[in-house]
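Below is one structure, written out as structure tokens, with a few remarks after it.
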Amino acid sequence: MKPRKIQLMGIVNLTDNSFFSASRRSGAAAVAAAWKLTEEGADVIDLGASSSRPGAEPVAEAEEWKRLAPVLQELAGSGLRLSLDTTSSEVIRRAFDLYGPLMVNDISAGATDPEMLPTAARLGLPYIAMHMRGTPATMAALTDYPEGIVQAIRQYFADFARKAEAAGLQEWILDPGYGFAKTLEQNWELLSRQHELKALGRPLLAGLSRKSMLYKPLGITPEDALPATMTANFIALQQGADWLRVHDIPAARQTVALYRLWEAGLTGASATGSNPDLH
């Protein structure tokens, strides 16, 4: 059996308050970061101009576009695969007009902007839908799931699937939303049972890079959490992830390469003489 395709999404934050300070870029520095991540092996570059860190307030749409437009203009015609981390359909529409086809990475799964799903569908854009409750500013208090975290997420995406179908959205990816409206224990239960979400029939994206579920239990900072990220990403791959959204592409490539060796051993396939790479 041919192994599933695993793709890497490299993070470039066009903000001054993202939780991992080394990911913050603007203007020419953001363009350079996008090229560097691509050269290191990223399949897609995820540009975010409004921080979604816990407690963060959204920026105005005009400010978000002001941060994004120069970067998109500079990269236009480059052929880079881009994703926009935004909840605004207007930002997506303007970005499409400026750059052309790209992916939509919407942490609200269309809840923030009712025009988001129809816009993505009309433009024919791949869409990442993430599980979250409330907003980044309010989600910390919204972690009660009487039915259990995994069942809650399965129901959330079953409901989303109906909305996507009604909007005409064909191609979408499921992001469980690690760190968003979930306790530490819920995050780890979700990671250990992530494979159960494959029953929904959608590609899975795991966004674990340097998050608090990794660094807080260890008493370290996001800056020190690369080894923990590699460990968590390996587990996510074992649990069926098709995408890894990361700050550190070379480390993620190493994780995928080792996962491929583990996978070959698990299935009894020979990895001798092969390159256990991404695709």
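Going by the structure tokens order, chains are called A, B, ..., each with residues numbered from 1, while ligands are numbered from 1 in the order shown.
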
*Name the residues in contact with A:Thr255 at a cut-off of 7 Å, using only C-alpha atoms, excluding same-chain residues fewer than 3 positions from it; report them as JSON, numbers by chain.*
{"A": [230, 234, 251, 252, 258, 259]}

Show me, as an mmCIF file with C-alpha atoms, in the first residue's frame, the residues that have an atom within 10 Å of A:Phe157 when counting only C-alpha atoms, minus same-chain residues fewer than 6 positions from it.
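Result file part.cif:
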```
data_model
loop_
_atom_site.group_PDB
_atom_site.id
_atom_site.type_symbol
_atom_site.label_atom_id
_atom_site.label_comp_id
_atom_site.auth_asym_id
_atom_site.auth_seq_id
_atom_site.Cartn_x
_atom_site.Cartn_y
_atom_site.Cartn_z
ATOM 1 C CA ALA A 109 -14.549 27.350 10.638
ATOM 2 C CA ALA A 129 -11.644 24.286 9.250
ATOM 3 C CA MET A 130 -10.499 24.328 12.876
ATOM 4 C CA HIS A 131 -12.368 23.434 16.056
ATOM 5 C CA LYS A 163 -22.598 23.657 6.287
ATOM 6 C CA ALA A 164 -19.745 23.148 3.820
ATOM 7 C CA LEU A 174 -9.983 19.091 9.447
ATOM 8 C CA ASP A 175 -7.901 20.778 12.173
ATOM 9 C CA PRO A 176 -8.783 19.569 15.730
ATOM 10 C CA LEU A 197 -11.379 11.731 13.607
ATOM 11 C CA LEU A 200 -15.028 11.768 9.140
ATOM 12 C CA ARG A 202 -11.184 14.334 5.731
#
```

_Please list as a PyMOL selection string every residue within 9 Å of A:Glu64, counting only C-alpha atoms and excluding residues in the same chain fewer than 3 positions away._
chain A and resi 14+48-50+59-61+67-69+86+91

Could you save those same residues with C-alpha atoms as a short mmCIF file (atom, residue, chain, number, x, y, z; two decimals), in the first residue's frame?
```
data_model
loop_
_atom_site.label_atom_id
_atom_site.label_comp_id
_atom_site.auth_asym_id
_atom_site.auth_seq_id
_atom_site.Cartn_x
_atom_site.Cartn_y
_atom_site.Cartn_z
CA LEU A 14 2.88 39.14 10.23
CA GLY A 48 -1.18 35.20 9.47
CA ALA A 49 -1.70 38.92 10.07
CA SER A 50 -3.93 38.70 13.16
CA VAL A 59 -7.06 43.35 14.62
CA ALA A 60 -9.23 45.45 12.36
CA GLU A 61 -9.70 44.08 8.86
CA ARG A 67 0.11 43.84 6.87
CA LEU A 68 -0.68 41.23 4.23
CA ALA A 69 -0.84 43.24 1.02
CA THR A 86 -7.70 34.63 8.58
CA VAL A 91 -9.32 39.49 3.11
#
```

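Of the residues under consideration (A:Leu205, A:Ala56, A:Val71, A:Ala120), A:Ala56 shows the shortest atom-to-atom contact distance to A:Pro136 when counting only C-alpha atoms.
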
*Could you write out, as a ChimeraX atom specification, all the residues of stretch 16-244 of chain A that DSSP marks as strand (DSSP E)?*
/A:44-48,82-85,103-106,127-130,172-175,205-206,243-244

Quick one: write out the picked residues with C-alpha atoms as a JSON list (two decimals), in the first residue's frame?
```
[["chain", "number", "residue", "atom", "x", "y", "z"],
["A", 44, "VAL", "CA", 2.72, 25.60, 1.89],
["A", 45, "ILE", "CA", 3.47, 28.88, 3.66],
["A", 46, "ASP", "CA", 0.80, 30.01, 6.13],
["A", 47, "LEU", "CA", 0.65, 33.80, 6.47],
["A", 48, "GLY", "CA", -1.18, 35.20, 9.47],
["A", 82, "LEU", "CA", 0.28, 30.14, 0.23],
["A", 83, "SER", "CA", -2.33, 29.80, 2.95],
["A", 84, "LEU", "CA", -3.92, 32.73, 4.74],
["A", 85, "ASP", "CA", -4.66, 32.39, 8.45],
["A", 103, "MET", "CA", -5.57, 28.07, 0.80],
["A", 104, "VAL", "CA", -7.83, 29.41, 3.53],
["A", 105, "ASN", "CA", -6.92, 28.64, 7.15],
["A", 106, "ASP", "CA", -9.92, 29.72, 9.23],
["A", 127, "TYR", "CA", -10.19, 25.32, 3.16],
["A", 128, "ILE", "CA", -8.90, 24.40, 6.63],
["A", 129, "ALA", "CA", -11.64, 24.29, 9.25],
["A", 130, "MET", "CA", -10.50, 24.33, 12.88],
["A", 172, "TRP", "CA", -11.66, 21.00, 3.18],
["A", 173, "ILE", "CA", -9.17, 19.84, 5.81],
["A", 174, "LEU", "CA", -9.98, 19.09, 9.45],
["A", 175, "ASP", "CA", -7.90, 20.78, 12.17],
["A", 205, "LEU", "CA", -3.96, 18.88, 10.07],
["A", 206, "ALA", "CA", -2.12, 18.93, 13.40],
["A", 243, "TRP", "CA", -0.49, 17.85, 7.53],
["A", 244, "LEU", "CA", 1.86, 19.32, 10.13]]
```

Find the nearest atom pair between each residue of stretch 137-160 of chain A and stretch 179-188 of chain A for residues within 7 Å, count only C-alpha atoms, give distances in Å to one decimal, sort rows by chain and ascending number, and present the table as a Markdown table.
```
| residue | atom | partner | partner_atom | distance |
| --- | --- | --- | --- | --- |
| A:Met139 | CA | A:Ala181 | CA | 4.7 |
| A:Ala140 | CA | A:Ala181 | CA | 5.5 |
| A:Leu142 | CA | A:Ala181 | CA | 5.6 |
| A:Thr143 | CA | A:Lys182 | CA | 5.2 |
| A:Ile149 | CA | A:Gln186 | CA | 6.4 |
```

*Which residues come within 9 Å of A:Arg94, counting only C-alpha atoms, excluding same-chain residues fewer than 4 positions away, as a count of residues only?*
6

To test your reading of the structure, identify every residue in stretch 80-256 of chain A that backbone DSSP assigns to alpha helix (DSSP H), and report it as a PDB file with N, CA and C atoms, in the first residue's frame.
```
ATOM      1  N   SER A  89     -13.648  36.912   5.029  1.00  0.00           N
ATOM      2  CA  SER A  89     -13.869  36.606   3.614  1.00  0.00           C
ATOM      3  C   SER A  89     -13.394  37.747   2.721  1.00  0.00           C
ATOM      4  N   GLU A  90     -13.461  38.970   3.226  1.00  0.00           N
ATOM      5  CA  GLU A  90     -13.005  40.109   2.425  1.00  0.00           C
ATOM      6  C   GLU A  90     -11.493  40.048   2.227  1.00  0.00           C
ATOM      7  N   VAL A  91     -10.768  39.655   3.255  1.00  0.00           N
ATOM      8  CA  VAL A  91      -9.317  39.487   3.110  1.00  0.00           C
ATOM      9  C   VAL A  91      -9.021  38.401   2.085  1.00  0.00           C
ATOM     10  N   ILE A  92      -9.757  37.318   2.127  1.00  0.00           N
ATOM     11  CA  ILE A  92      -9.556  36.241   1.158  1.00  0.00           C
ATOM     12  C   ILE A  92      -9.859  36.723  -0.259  1.00  0.00           C
ATOM     13  N   ARG A  93     -10.952  37.438  -0.427  1.00  0.00           N
ATOM     14  CA  ARG A  93     -11.319  37.914  -1.757  1.00  0.00           C
ATOM     15  C   ARG A  93     -10.239  38.835  -2.315  1.00  0.00           C
ATOM     16  N   ARG A  94      -9.753  39.771  -1.493  1.00  0.00           N
ATOM     17  CA  ARG A  94      -8.732  40.713  -1.951  1.00  0.00           C
ATOM     18  C   ARG A  94      -7.413  39.992  -2.221  1.00  0.00           C
ATOM     19  N   ALA A  95      -7.092  39.018  -1.381  1.00  0.00           N
ATOM     20  CA  ALA A  95      -5.855  38.258  -1.589  1.00  0.00           C
ATOM     21  C   ALA A  95      -5.915  37.451  -2.885  1.00  0.00           C
ATOM     22  N   PHE A  96      -7.073  36.881  -3.173  1.00  0.00           N
ATOM     23  CA  PHE A  96      -7.240  36.131  -4.420  1.00  0.00           C
ATOM     24  C   PHE A  96      -7.059  37.051  -5.626  1.00  0.00           C
ATOM     25  N   ASP A  97      -7.625  38.241  -5.547  1.00  0.00           N
ATOM     26  CA  ASP A  97      -7.491  39.190  -6.649  1.00  0.00           C
ATOM     27  C   ASP A  97      -6.034  39.600  -6.855  1.00  0.00           C
ATOM     28  N   LEU A  98      -5.277  39.676  -5.762  1.00  0.00           N
ATOM     29  CA  LEU A  98      -3.881  40.132  -5.842  1.00  0.00           C
ATOM     30  C   LEU A  98      -2.921  38.999  -6.164  1.00  0.00           C
ATOM     31  N   TYR A  99      -3.145  37.839  -5.531  1.00  0.00           N
ATOM     32  CA  TYR A  99      -2.157  36.763  -5.624  1.00  0.00           C
ATOM     33  C   TYR A  99      -2.604  35.600  -6.490  1.00  0.00           C
ATOM     34  N   MET A 116     -17.634  33.539   4.621  1.00  0.00           N
ATOM     35  CA  MET A 116     -16.364  32.855   4.388  1.00  0.00           C
ATOM     36  C   MET A 116     -16.542  31.570   3.568  1.00  0.00           C
ATOM     37  N   LEU A 117     -17.451  30.698   3.979  1.00  0.00           N
ATOM     38  CA  LEU A 117     -17.626  29.441   3.256  1.00  0.00           C
ATOM     39  C   LEU A 117     -18.096  29.666   1.823  1.00  0.00           C
ATOM     40  N   PRO A 118     -19.111  30.505   1.583  1.00  0.00           N
ATOM     41  CA  PRO A 118     -19.507  30.762   0.198  1.00  0.00           C
ATOM     42  C   PRO A 118     -18.386  31.379  -0.642  1.00  0.00           C
ATOM     43  N   THR A 119     -17.570  32.240  -0.017  1.00  0.00           N
ATOM     44  CA  THR A 119     -16.473  32.871  -0.757  1.00  0.00           C
ATOM     45  C   THR A 119     -15.425  31.844  -1.156  1.00  0.00           C
ATOM     46  N   ALA A 120     -15.010  31.005  -0.210  1.00  0.00           N
ATOM     47  CA  ALA A 120     -14.028  29.962  -0.514  1.00  0.00           C
ATOM     48  C   ALA A 120     -14.569  29.011  -1.579  1.00  0.00           C
ATOM     49  N   ALA A 121     -15.857  28.676  -1.474  1.00  0.00           N
ATOM     50  CA  ALA A 121     -16.467  27.776  -2.456  1.00  0.00           C
ATOM     51  C   ALA A 121     -16.500  28.416  -3.837  1.00  0.00           C
ATOM     52  N   ARG A 122     -16.921  29.668  -3.897  1.00  0.00           N
ATOM     53  CA  ARG A 122     -17.034  30.358  -5.195  1.00  0.00           C
ATOM     54  C   ARG A 122     -15.681  30.478  -5.875  1.00  0.00           C
ATOM     55  N   LEU A 123     -14.625  30.705  -5.092  1.00  0.00           N
ATOM     56  CA  LEU A 123     -13.280  30.864  -5.646  1.00  0.00           C
ATOM     57  C   LEU A 123     -12.569  29.527  -5.837  1.00  0.00           C
ATOM     58  N   ILE A 149     -14.281  15.278  24.928  1.00  0.00           N
ATOM     59  CA  ILE A 149     -13.661  16.165  23.949  1.00  0.00           C
ATOM     60  C   ILE A 149     -13.679  15.582  22.541  1.00  0.00           C
ATOM     61  N   VAL A 150     -13.392  14.291  22.394  1.00  0.00           N
ATOM     62  CA  VAL A 150     -13.337  13.718  21.054  1.00  0.00           C
ATOM     63  C   VAL A 150     -14.726  13.652  20.428  1.00  0.00           C
ATOM     64  N   GLN A 151     -15.722  13.245  21.199  1.00  0.00           N
ATOM     65  CA  GLN A 151     -17.080  13.190  20.672  1.00  0.00           C
ATOM     66  C   GLN A 151     -17.579  14.589  20.317  1.00  0.00           C
ATOM     67  N   ALA A 152     -17.219  15.573  21.125  1.00  0.00           N
ATOM     68  CA  ALA A 152     -17.620  16.954  20.832  1.00  0.00           C
ATOM     69  C   ALA A 152     -17.038  17.421  19.504  1.00  0.00           C
ATOM     70  N   ILE A 153     -15.795  17.082  19.263  1.00  0.00           N
ATOM     71  CA  ILE A 153     -15.146  17.511  18.018  1.00  0.00           C
ATOM     72  C   ILE A 153     -15.713  16.753  16.823  1.00  0.00           C
ATOM     73  N   ARG A 154     -16.006  15.476  17.003  1.00  0.00           N
ATOM     74  CA  ARG A 154     -16.615  14.721  15.909  1.00  0.00           C
ATOM     75  C   ARG A 154     -17.969  15.315  15.534  1.00  0.00           C
ATOM     76  N   GLN A 155     -18.761  15.694  16.528  1.00  0.00           N
ATOM     77  CA  GLN A 155     -20.065  16.291  16.241  1.00  0.00           C
ATOM     78  C   GLN A 155     -19.909  17.665  15.596  1.00  0.00           C
ATOM     79  N   TYR A 156     -18.929  18.438  16.076  1.00  0.00           N
ATOM     80  CA  TYR A 156     -18.649  19.766  15.524  1.00  0.00           C
ATOM     81  C   TYR A 156     -18.382  19.672  14.016  1.00  0.00           C
ATOM     82  N   PHE A 157     -17.555  18.691  13.625  1.00  0.00           N
ATOM     83  CA  PHE A 157     -17.198  18.592  12.217  1.00  0.00           C
ATOM     84  C   PHE A 157     -18.265  17.891  11.392  1.00  0.00           C
ATOM     85  N   ALA A 158     -19.073  17.059  12.018  1.00  0.00           N
ATOM     86  CA  ALA A 158     -20.229  16.520  11.306  1.00  0.00           C
ATOM     87  C   ALA A 158     -21.184  17.651  10.949  1.00  0.00           C
ATOM     88  N   ASP A 159     -21.376  18.583  11.885  1.00  0.00           N
ATOM     89  CA  ASP A 159     -22.207  19.763  11.617  1.00  0.00           C
ATOM     90  C   ASP A 159     -21.560  20.653  10.559  1.00  0.00           C
ATOM     91  N   PHE A 160     -20.227  20.825  10.671  1.00  0.00           N
ATOM     92  CA  PHE A 160     -19.532  21.664   9.687  1.00  0.00           C
ATOM     93  C   PHE A 160     -19.655  21.074   8.283  1.00  0.00           C
ATOM     94  N   ALA A 161     -19.574  19.760   8.177  1.00  0.00           N
ATOM     95  CA  ALA A 161     -19.661  19.119   6.863  1.00  0.00           C
ATOM     96  C   ALA A 161     -20.969  19.480   6.167  1.00  0.00           C
ATOM     97  N   ARG A 162     -22.049  19.541   6.928  1.00  0.00           N
ATOM     98  CA  ARG A 162     -23.340  19.918   6.339  1.00  0.00           C
ATOM     99  C   ARG A 162     -23.325  21.380   5.876  1.00  0.00           C
ATOM    100  N   LYS A 163     -22.700  22.249   6.678  1.00  0.00           N
ATOM    101  CA  LYS A 163     -22.598  23.657   6.287  1.00  0.00           C
ATOM    102  C   LYS A 163     -21.741  23.814   5.026  1.00  0.00           C
ATOM    103  N   ALA A 164     -20.630  23.075   4.982  1.00  0.00           N
ATOM    104  CA  ALA A 164     -19.745  23.148   3.820  1.00  0.00           C
ATOM    105  C   ALA A 164     -20.473  22.683   2.562  1.00  0.00           C
ATOM    106  N   GLU A 165     -21.210  21.596   2.690  1.00  0.00           N
ATOM    107  CA  GLU A 165     -21.957  21.078   1.539  1.00  0.00           C
ATOM    108  C   GLU A 165     -23.002  22.084   1.075  1.00  0.00           C
ATOM    109  N   ALA A 166     -23.691  22.703   2.020  1.00  0.00           N
ATOM    110  CA  ALA A 166     -24.711  23.690   1.668  1.00  0.00           C
ATOM    111  C   ALA A 166     -24.114  24.893   0.959  1.00  0.00           C
ATOM    112  N   ALA A 167     -22.862  25.234   1.326  1.00  0.00           N
ATOM    113  CA  ALA A 167     -22.188  26.381   0.713  1.00  0.00           C
ATOM    114  C   ALA A 167     -21.511  26.026  -0.603  1.00  0.00           C
ATOM    115  N   LEU A 184      -5.327  21.372  29.268  1.00  0.00           N
ATOM    116  CA  LEU A 184      -4.131  20.581  29.014  1.00  0.00           C
ATOM    117  C   LEU A 184      -4.487  19.109  28.844  1.00  0.00           C
ATOM    118  N   GLU A 185      -5.311  18.606  29.757  1.00  0.00           N
ATOM    119  CA  GLU A 185      -5.684  17.191  29.716  1.00  0.00           C
ATOM    120  C   GLU A 185      -6.508  16.867  28.461  1.00  0.00           C
ATOM    121  N   GLN A 186      -7.388  17.776  28.074  1.00  0.00           N
ATOM    122  CA  GLN A 186      -8.188  17.552  26.869  1.00  0.00           C
ATOM    123  C   GLN A 186      -7.312  17.527  25.618  1.00  0.00           C
ATOM    124  N   ASN A 187      -6.322  18.403  25.569  1.00  0.00           N
ATOM    125  CA  ASN A 187      -5.412  18.410  24.429  1.00  0.00           C
ATOM    126  C   ASN A 187      -4.697  17.076  24.280  1.00  0.00           C
ATOM    127  N   TRP A 188      -4.226  16.530  25.392  1.00  0.00           N
ATOM    128  CA  TRP A 188      -3.482  15.276  25.323  1.00  0.00           C
ATOM    129  C   TRP A 188      -4.390  14.083  25.064  1.00  0.00           C
ATOM    130  N   GLU A 189      -5.598  14.107  25.589  1.00  0.00           N
ATOM    131  CA  GLU A 189      -6.549  13.048  25.239  1.00  0.00           C
ATOM    132  C   GLU A 189      -6.853  13.091  23.752  1.00  0.00           C
ATOM    133  N   LEU A 190      -7.044  14.299  23.240  1.00  0.00           N
ATOM    134  CA  LEU A 190      -7.329  14.461  21.820  1.00  0.00           C
ATOM    135  C   LEU A 190      -6.180  13.939  20.970  1.00  0.00           C
ATOM    136  N   LEU A 191      -4.952  14.250  21.353  1.00  0.00           N
ATOM    137  CA  LEU A 191      -3.808  13.778  20.576  1.00  0.00           C
ATOM    138  C   LEU A 191      -3.729  12.253  20.593  1.00  0.00           C
ATOM    139  N   SER A 192      -4.021  11.657  21.744  1.00  0.00           N
ATOM    140  CA  SER A 192      -3.935  10.197  21.848  1.00  0.00           C
ATOM    141  C   SER A 192      -5.050   9.483  21.092  1.00  0.00           C
ATOM    142  N   SER A 212       1.443  25.604  24.255  1.00  0.00           N
ATOM    143  CA  SER A 212       1.519  25.532  25.713  1.00  0.00           C
ATOM    144  C   SER A 212       1.271  24.131  26.244  1.00  0.00           C
ATOM    145  N   MET A 213       0.524  23.290  25.525  1.00  0.00           N
ATOM    146  CA  MET A 213       0.320  21.919  25.970  1.00  0.00           C
ATOM    147  C   MET A 213       1.627  21.144  25.999  1.00  0.00           C
ATOM    148  N   LEU A 214       2.646  21.675  25.299  1.00  0.00           N
ATOM    149  CA  LEU A 214       3.963  21.056  25.293  1.00  0.00           C
ATOM    150  C   LEU A 214       4.905  21.715  26.289  1.00  0.00           C
ATOM    151  N   TYR A 215       4.948  23.045  26.304  1.00  0.00           N
ATOM    152  CA  TYR A 215       5.967  23.680  27.136  1.00  0.00           C
ATOM    153  C   TYR A 215       5.560  23.883  28.587  1.00  0.00           C
ATOM    154  N   LYS A 216       4.271  24.046  28.849  1.00  0.00           N
ATOM    155  CA  LYS A 216       3.866  24.269  30.242  1.00  0.00           C
ATOM    156  C   LYS A 216       4.128  23.070  31.144  1.00  0.00           C
ATOM    157  N   PRO A 217       3.800  21.825  30.735  1.00  0.00           N
ATOM    158  CA  PRO A 217       4.084  20.693  31.620  1.00  0.00           C
ATOM    159  C   PRO A 217       5.575  20.509  31.902  1.00  0.00           C
ATOM    160  N   LEU A 218       6.418  21.004  30.991  1.00  0.00           N
ATOM    161  CA  LEU A 218       7.856  20.847  31.138  1.00  0.00           C
ATOM    162  C   LEU A 218       8.510  22.024  31.856  1.00  0.00           C
ATOM    163  N   LEU A 226      11.237  22.976  20.927  1.00  0.00           N
ATOM    164  CA  LEU A 226      11.381  22.256  19.663  1.00  0.00           C
ATOM    165  C   LEU A 226      11.445  20.738  19.858  1.00  0.00           C
ATOM    166  N   PRO A 227      12.237  20.209  20.803  1.00  0.00           N
ATOM    167  CA  PRO A 227      12.215  18.750  20.994  1.00  0.00           C
ATOM    168  C   PRO A 227      10.822  18.229  21.349  1.00  0.00           C
ATOM    169  N   ALA A 228      10.112  18.950  22.190  1.00  0.00           N
ATOM    170  CA  ALA A 228       8.746  18.529  22.544  1.00  0.00           C
ATOM    171  C   ALA A 228       7.840  18.559  21.318  1.00  0.00           C
ATOM    172  N   THR A 229       8.024  19.558  20.467  1.00  0.00           N
ATOM    173  CA  THR A 229       7.234  19.646  19.244  1.00  0.00           C
ATOM    174  C   THR A 229       7.482  18.450  18.338  1.00  0.00           C
ATOM    175  N   MET A 230       8.740  18.070  18.193  1.00  0.00           N
ATOM    176  CA  MET A 230       9.066  16.923  17.351  1.00  0.00           C
ATOM    177  C   MET A 230       8.421  15.645  17.891  1.00  0.00           C
ATOM    178  N   THR A 231       8.433  15.500  19.218  1.00  0.00           N
ATOM    179  CA  THR A 231       7.800  14.332  19.834  1.00  0.00           C
ATOM    180  C   THR A 231       6.299  14.319  19.570  1.00  0.00           C
ATOM    181  N   ALA A 232       5.644  15.455  19.811  1.00  0.00           N
ATOM    182  CA  ALA A 232       4.200  15.540  19.608  1.00  0.00           C
ATOM    183  C   ALA A 232       3.832  15.337  18.146  1.00  0.00           C
ATOM    184  N   ASN A 233       4.628  15.875  17.230  1.00  0.00           N
ATOM    185  CA  ASN A 233       4.342  15.697  15.812  1.00  0.00           C
ATOM    186  C   ASN A 233       4.485  14.239  15.393  1.00  0.00           C
ATOM    187  N   PHE A 234       5.433  13.530  15.974  1.00  0.00           N
ATOM    188  CA  PHE A 234       5.569  12.098  15.677  1.00  0.00           C
ATOM    189  C   PHE A 234       4.311  11.351  16.110  1.00  0.00           C
ATOM    190  N   ILE A 235       3.816  11.681  17.313  1.00  0.00           N
ATOM    191  CA  ILE A 235       2.576  11.055  17.783  1.00  0.00           C
ATOM    192  C   ILE A 235       1.426  11.402  16.836  1.00  0.00           C
ATOM    193  N   ALA A 236       1.354  12.675  16.417  1.00  0.00           N
ATOM    194  CA  ALA A 236       0.278  13.093  15.515  1.00  0.00           C
ATOM    195  C   ALA A 236       0.317  12.312  14.209  1.00  0.00           C
ATOM    196  N   LEU A 237       1.515  12.040  13.697  1.00  0.00           N
ATOM    197  CA  LEU A 237       1.632  11.242  12.479  1.00  0.00           C
ATOM    198  C   LEU A 237       1.184   9.808  12.730  1.00  0.00           C
ATOM    199  N   GLN A 238       1.553   9.249  13.864  1.00  0.00           N
ATOM    200  CA  GLN A 238       1.075   7.915  14.219  1.00  0.00           C
ATOM    201  C   GLN A 238      -0.453   7.879  14.308  1.00  0.00           C
ATOM    202  N   ILE A 249      10.763  23.889   9.811  1.00  0.00           N
ATOM    203  CA  ILE A 249      10.629  22.908   8.738  1.00  0.00           C
ATOM    204  C   ILE A 249      11.721  21.831   8.771  1.00  0.00           C
ATOM    205  N   PRO A 250      13.001  22.162   8.945  1.00  0.00           N
ATOM    206  CA  PRO A 250      14.005  21.087   8.965  1.00  0.00           C
ATOM    207  C   PRO A 250      13.727  20.041  10.045  1.00  0.00           C
ATOM    208  N   ALA A 251      13.323  20.471  11.224  1.00  0.00           N
ATOM    209  CA  ALA A 251      13.004  19.530  12.294  1.00  0.00           C
ATOM    210  C   ALA A 251      11.795  18.681  11.927  1.00  0.00           C
ATOM    211  N   ALA A 252      10.799  19.303  11.287  1.00  0.00           N
ATOM    212  CA  ALA A 252       9.610  18.549  10.884  1.00  0.00           C
ATOM    213  C   ALA A 252       9.954  17.512   9.820  1.00  0.00           C
ATOM    214  N   ARG A 253      10.864  17.852   8.928  1.00  0.00           N
ATOM    215  CA  ARG A 253      11.292  16.885   7.916  1.00  0.00           C
ATOM    216  C   ARG A 253      11.979  15.689   8.572  1.00  0.00           C
ATOM    217  N   GLN A 254      12.773  15.941   9.590  1.00  0.00           N
ATOM    218  CA  GLN A 254      13.400  14.839  10.310  1.00  0.00           C
ATOM    219  C   GLN A 254      12.344  13.959  10.976  1.00  0.00           C
ATOM    220  N   THR A 255      11.345  14.595  11.572  1.00  0.00           N
ATOM    221  CA  THR A 255      10.271  13.845  12.212  1.00  0.00           C
ATOM    222  C   THR A 255       9.556  12.953  11.208  1.00  0.00           C
ATOM    223  N   VAL A 256       9.246  13.513  10.037  1.00  0.00           N
ATOM    224  CA  VAL A 256       8.556  12.734   9.019  1.00  0.00           C
ATOM    225  C   VAL A 256       9.434  11.586   8.522  1.00  0.00           C
TER     226      VAL A 256
END
```

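Computed from the coordinates, the atom CA of A:Asp248 to atom CA of A:Thr221 distance equals 15.6 Å.
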
*Atomic distance atom CA of A:Gln170 - atom CA of A:Glu115, expressed in Å with one decimal*: 15.7 Å
